[in-house]
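Scroll down for the structure; my scribbles are underneath it.
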Amino acid sequence: MPELPEVETIARGVHERLRGDQILEAWFGSHKEPFKNSPGRQAAGLEGRTILSVHRTGKHIVVELGKSGAGNLNEPTAQWIVHLGMTGRLLVTTPDAEVAPHTHARLRLKSGRELRFVDPRRFGRLEFRELSSDAAFTGPGKEPTTITPDDFAKLFRGRRLAIKAALLNQTILHGVGNIYADESLFRAGIRPKRMAGRLKRDELLRLHAAIQEVLAHAIQLGGSSVSDYVDANGVRGFFQLEHRVYLRTGQPCLVCGTPIRRILLAGRGTHYCPTCQR
DNA sequence: CATTTCACCTGGTGGC
DNA sequence: TGCCACCAGGTGAAAT
């Protein structure tokens, strides 16, 4: 479900609500899928630690954790990294709140609340990093919200794949997914199938600007709620009202009236206007 | 190495 | 109502 704007919204919400709280106990479900390292190791690492801050890197949520007693409490000694996959949610609840189906993790907090991870399709991932032995998480690719136009243009030099496939490749640029790839390419006037390495400089500059505008606007609106996305407070986003091509197959282009076309590209539904995008 | 395809999951929708 | 095909915000392993 979630791309960069949704993950950013969730990370901000969790940060605001849980900063300074302490994890007393971690409970994990029995499905193996969500765990990049074992639930036992994650529970042992999480229990007793303090939540210093929560932020986003690409599509990952990074919870910075401190340890009381030894050294400076404000210096992170561990990280809990949450990837939401297609259907993952992170929710802050009261302990008596009904436990949703497909709840895979419940962290009981000193404040009396719980942080829960719910994910029906189980494409999401949970990882614990002990910073004394593991590297700090940096994300798989470059950060689209801060990359300069020049560095952005360099990413696609010599690449022989469709620009949309390149945008979806997280090791190149992390955070853009299917919705924001389609919406950015529409706003830049570029066909999704265009070979990335053959785009002209002015096209790449338009795409860079479109991506940063779309992501910033979507973050302002709390992300896109296509079916059931909600943030850490259970609130839906509103950027779906701003979609110009995504899931608008057959409907008139809002600029020129041409019916929006849907094709399959890189295995994903891809939406574009055949008139506005060249 | 770069690129493409497909498996991994559940659930919702729409046709018959 | 049931059954089935198809679709969905994402990756990573395997194939090409």
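Chain lettering (A, B, ...) mirrors the order of the structure tokens, residue numbering begins at 1 for each chain separately, and ligand numbering begins at 1 in order of display.
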
*Could you list the residues in chain A lying within 10 Å of chain C, using only C-alpha atoms (C1' of nucleotides), and format the result as a PyMOL selection string?*
chain A and resi 1-4+6+59+83-88+123-124+168-170+177-180+224-229+268-269

Would you put the residues from that selection into a file with C-alpha atoms, as a PDB file, in the first residue's frame?
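Wrote it out as result-v3.pdb, contents follow:
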```
ATOM      1  CA  MET A   1       0.000   0.000   0.000  1.00  0.00           C
ATOM      2  CA  PRO A   2       2.432   2.600   1.079  1.00  0.00           C
ATOM      3  CA  GLU A   3       4.901   4.649  -0.851  1.00  0.00           C
ATOM      4  CA  LEU A   4       7.076   7.491   0.361  1.00  0.00           C
ATOM      5  CA  GLU A   6       2.295   7.376   3.209  1.00  0.00           C
ATOM      6  CA  LYS A  59       9.852   3.276   2.104  1.00  0.00           C
ATOM      7  CA  HIS A  83       8.735  -2.032   5.904  1.00  0.00           C
ATOM      8  CA  LEU A  84       4.985  -2.052   5.270  1.00  0.00           C
ATOM      9  CA  GLY A  85       4.951  -4.020   2.005  1.00  0.00           C
ATOM     10  CA  MET A  86       1.631  -3.609   0.200  1.00  0.00           C
ATOM     11  CA  THR A  87      -0.823  -3.812   3.080  1.00  0.00           C
ATOM     12  CA  GLY A  88       1.132  -3.135   6.267  1.00  0.00           C
ATOM     13  CA  PHE A 123       4.764  -8.634   2.286  1.00  0.00           C
ATOM     14  CA  GLY A 124       6.012  -6.304   5.036  1.00  0.00           C
ATOM     15  CA  LEU A 168      10.364   1.567  -9.361  1.00  0.00           C
ATOM     16  CA  ASN A 169      13.865   0.156  -8.799  1.00  0.00           C
ATOM     17  CA  GLN A 170      14.556   1.044  -5.177  1.00  0.00           C
ATOM     18  CA  GLY A 177       6.216   3.318  -6.093  1.00  0.00           C
ATOM     19  CA  ASN A 178       3.491   2.623  -8.622  1.00  0.00           C
ATOM     20  CA  ILE A 179       1.177   5.552  -7.850  1.00  0.00           C
ATOM     21  CA  TYR A 180       3.812   8.271  -7.688  1.00  0.00           C
ATOM     22  CA  SER A 224      -3.118   8.480  -0.888  1.00  0.00           C
ATOM     23  CA  SER A 225      -5.861   6.223   0.491  1.00  0.00           C
ATOM     24  CA  VAL A 226      -6.761   4.005  -2.463  1.00  0.00           C
ATOM     25  CA  SER A 227      -8.610   1.383  -0.459  1.00  0.00           C
ATOM     26  CA  ASP A 228      -7.729   1.080   3.185  1.00  0.00           C
ATOM     27  CA  TYR A 229      -4.542   3.019   3.918  1.00  0.00           C
ATOM     28  CA  ARG A 268       2.626  -3.375 -12.822  1.00  0.00           C
ATOM     29  CA  GLY A 269      -0.527  -1.651 -13.962  1.00  0.00           C
TER      30      GLY A 269
END
```

*Provide as JSON, numbers by chain the residues of chain A at most 10 Å from chain B, counting only C-alpha atoms (C1' of nucleotides).*
{"A": [33, 87, 102, 119, 120, 121, 122, 123, 159, 160, 161, 165, 227, 266, 267]}

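Atom CA of Gly29 of chain A to atom CA of Pro140 of chain A spans 27.2 Å [interatomic distance, one decimal].
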
*Mind pulling up the distance from atom CA of Glu47 of chain A to atom CA of Thr94 of chain A?*
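Value for the atom CA of Thr94 of chain A-atom CA of Glu47 of chain A distance: 18.4 Å.
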
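Across the structure, atom CA of Phe156 of chain A and atom CA of Leu254 of chain A are spaced 29.1 Å apart.
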
*Determine which residues of segment 36-261 of chain A DSSP labels as strand (DSSP E) from the backbone of this structure, then write them out as a ChimeraX atom specification.*
/A:50-57,60-66,78-83,89-93,103-109,114-118,125-130,261

*Quick one: everything within 6 Å of Arg262 of chain A, counting only C-alpha atoms (C1' of nucleotides), minus sequence neighbours fewer than 2 positions away in the same chain. Send it as a PyMOL selection string.*
chain A and resi 249+270-271

Restricting it to N, CA and C atoms, dump the selection as a tab-separated table (two decimals), in the first residue's frame.
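Written file, result.tsv:
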```tsv
chain	number	residue	atom	x	y	z
A	249	THR	N	-8.19	4.50	-15.67
A	249	THR	CA	-8.28	3.90	-17.01
A	249	THR	C	-9.62	4.20	-17.68
A	270	THR	N	0.02	0.26	-15.36
A	270	THR	CA	0.66	1.54	-15.67
A	270	THR	C	-0.33	2.42	-16.41
A	271	HIS	N	-0.52	3.63	-15.91
A	271	HIS	CA	-1.57	4.51	-16.43
A	271	HIS	C	-0.96	5.77	-17.00
```

*Enumerate as a list in words all residues of segment 44-176 of chain A assigned to alpha helix (DSSP H) by DSSP on the backbone, naming them with the chain letters and numbers the document uses.*
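Written out, the alpha helix (DSSP H) residues of segment 44-176 of chain A are Ala44, Gly45, Leu46, Pro149, Asp150, Asp151, Phe152, Ala153, Lys154, Ile163, Lys164, Ala165, Ala166, Leu167 and Leu168 of chain A.
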
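For the residues A:Leu126, A:Leu199, A:Leu221, A:Ala210, ranking by smallest atom-to-atom distance to Arg278 of chain A using only C-alpha atoms places A:Leu199 first.
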
*Arg41 of chain A environment, 12 Å, only C-alpha atoms (C1' of nucleotides), sequence neighbours closer than 2 positions dropped, as a list in words*: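 Listing them by chain and then by number gives Ala26, Trp27, Phe28, Phe35, Lys36, Asn37, Ser38, Pro39, Ala43, Ala44, Gly45, Leu46, Glu47, Trp80, Leu126, Glu127, Phe128, Arg129 and Glu130 of chain A.
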
Let's have the selection written as a compact mmCIF listing (two decimals), in the first residue's frame, with N, CA and C atoms.
```txt
# COMPACT_ATOMS: atom_id res chain seq x y z
N ALA A 26 7.58 -7.17 24.04
CA ALA A 26 7.27 -7.36 22.62
C ALA A 26 6.62 -8.72 22.42
N TRP A 27 5.50 -8.73 21.70
CA TRP A 27 4.82 -9.98 21.34
C TRP A 27 4.82 -10.09 19.82
N PHE A 28 5.13 -11.28 19.31
CA PHE A 28 5.13 -11.48 17.86
C PHE A 28 4.28 -12.69 17.50
N PHE A 35 9.64 -11.47 9.44
CA PHE A 35 10.84 -11.30 10.25
C PHE A 35 12.14 -11.48 9.47
N LYS A 36 12.89 -10.40 9.31
CA LYS A 36 14.19 -10.49 8.65
C LYS A 36 15.22 -11.10 9.59
N ASN A 37 15.12 -10.82 10.89
CA ASN A 37 15.85 -11.63 11.86
C ASN A 37 14.84 -12.13 12.89
N SER A 38 15.25 -13.10 13.70
CA SER A 38 14.26 -13.90 14.43
C SER A 38 13.44 -13.06 15.41
N PRO A 39 12.18 -13.42 15.59
CA PRO A 39 11.34 -12.71 16.57
C PRO A 39 11.95 -12.75 17.96
N ALA A 43 12.65 -9.39 19.96
CA ALA A 43 12.02 -9.13 21.25
C ALA A 43 13.07 -8.81 22.30
N ALA A 44 14.14 -9.60 22.32
CA ALA A 44 15.20 -9.39 23.32
C ALA A 44 15.82 -8.00 23.16
N GLY A 45 15.98 -7.57 21.90
CA GLY A 45 16.59 -6.27 21.66
C GLY A 45 15.66 -5.11 21.97
N LEU A 46 14.37 -5.30 21.70
CA LEU A 46 13.41 -4.21 21.86
C LEU A 46 13.05 -3.96 23.32
N GLU A 47 12.91 -5.03 24.07
CA GLU A 47 12.38 -4.90 25.44
C GLU A 47 13.32 -4.10 26.32
N TRP A 80 14.91 -0.32 15.01
CA TRP A 80 13.88 -1.26 14.57
C TRP A 80 13.37 -0.72 13.24
N LEU A 126 10.06 -6.81 9.22
CA LEU A 126 10.54 -6.21 10.46
C LEU A 126 11.98 -6.64 10.69
N GLU A 127 12.83 -5.69 11.04
CA GLU A 127 14.24 -6.01 11.25
C GLU A 127 14.76 -5.26 12.47
N PHE A 128 15.55 -5.94 13.28
CA PHE A 128 16.19 -5.29 14.42
C PHE A 128 17.69 -5.18 14.17
N ARG A 129 18.25 -4.00 14.38
CA ARG A 129 19.69 -3.82 14.24
C ARG A 129 20.29 -3.34 15.55
N GLU A 130 21.31 -4.06 16.00
CA GLU A 130 22.08 -3.69 17.20
C GLU A 130 23.27 -2.90 16.69
```
